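Novice: What follows is a single structure, and I will ask about it in a moment.
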Amino acid sequence: MEFLNSADFWIGLVKIVWINIILSGDNAVVIALAARSLPPRSKSKPSCLARALRWCCALF
């Protein structure tokens, strides 16, 4: 566990987290742009896929 005392480890970890935050924000923008063109009925009603994902996540 000596690597926890290394500055290189912490700098690398911060870089990974920062890249993850940037890419997550980018995905949110793309999803928002795609959802913008959906009809109002589809925006308010969860899809079958969303329900299935929610159900699967509830199992774990």
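Identifiers for the structure tokens are assigned positionally: chains receive A, B, ... in sequence, residues are indexed from 1 per chain, and ligands are indexed from 1 in the order shown.
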Run DSSP on the backbone and give me the residues of chain A it puts in alpha helix (DSSP H), as a PyMOL selection string.

Specialist: chain A and resi 7-36+40-44+48-59

Novice: Calculate how many Å separate atom CA of A:Ala52 from atom CA of A:Asn20, rounding to one decimal.

Specialist: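 Between atom CA of A:Ala52 and atom CA of A:Asn20 the gap is 25.6 Å.
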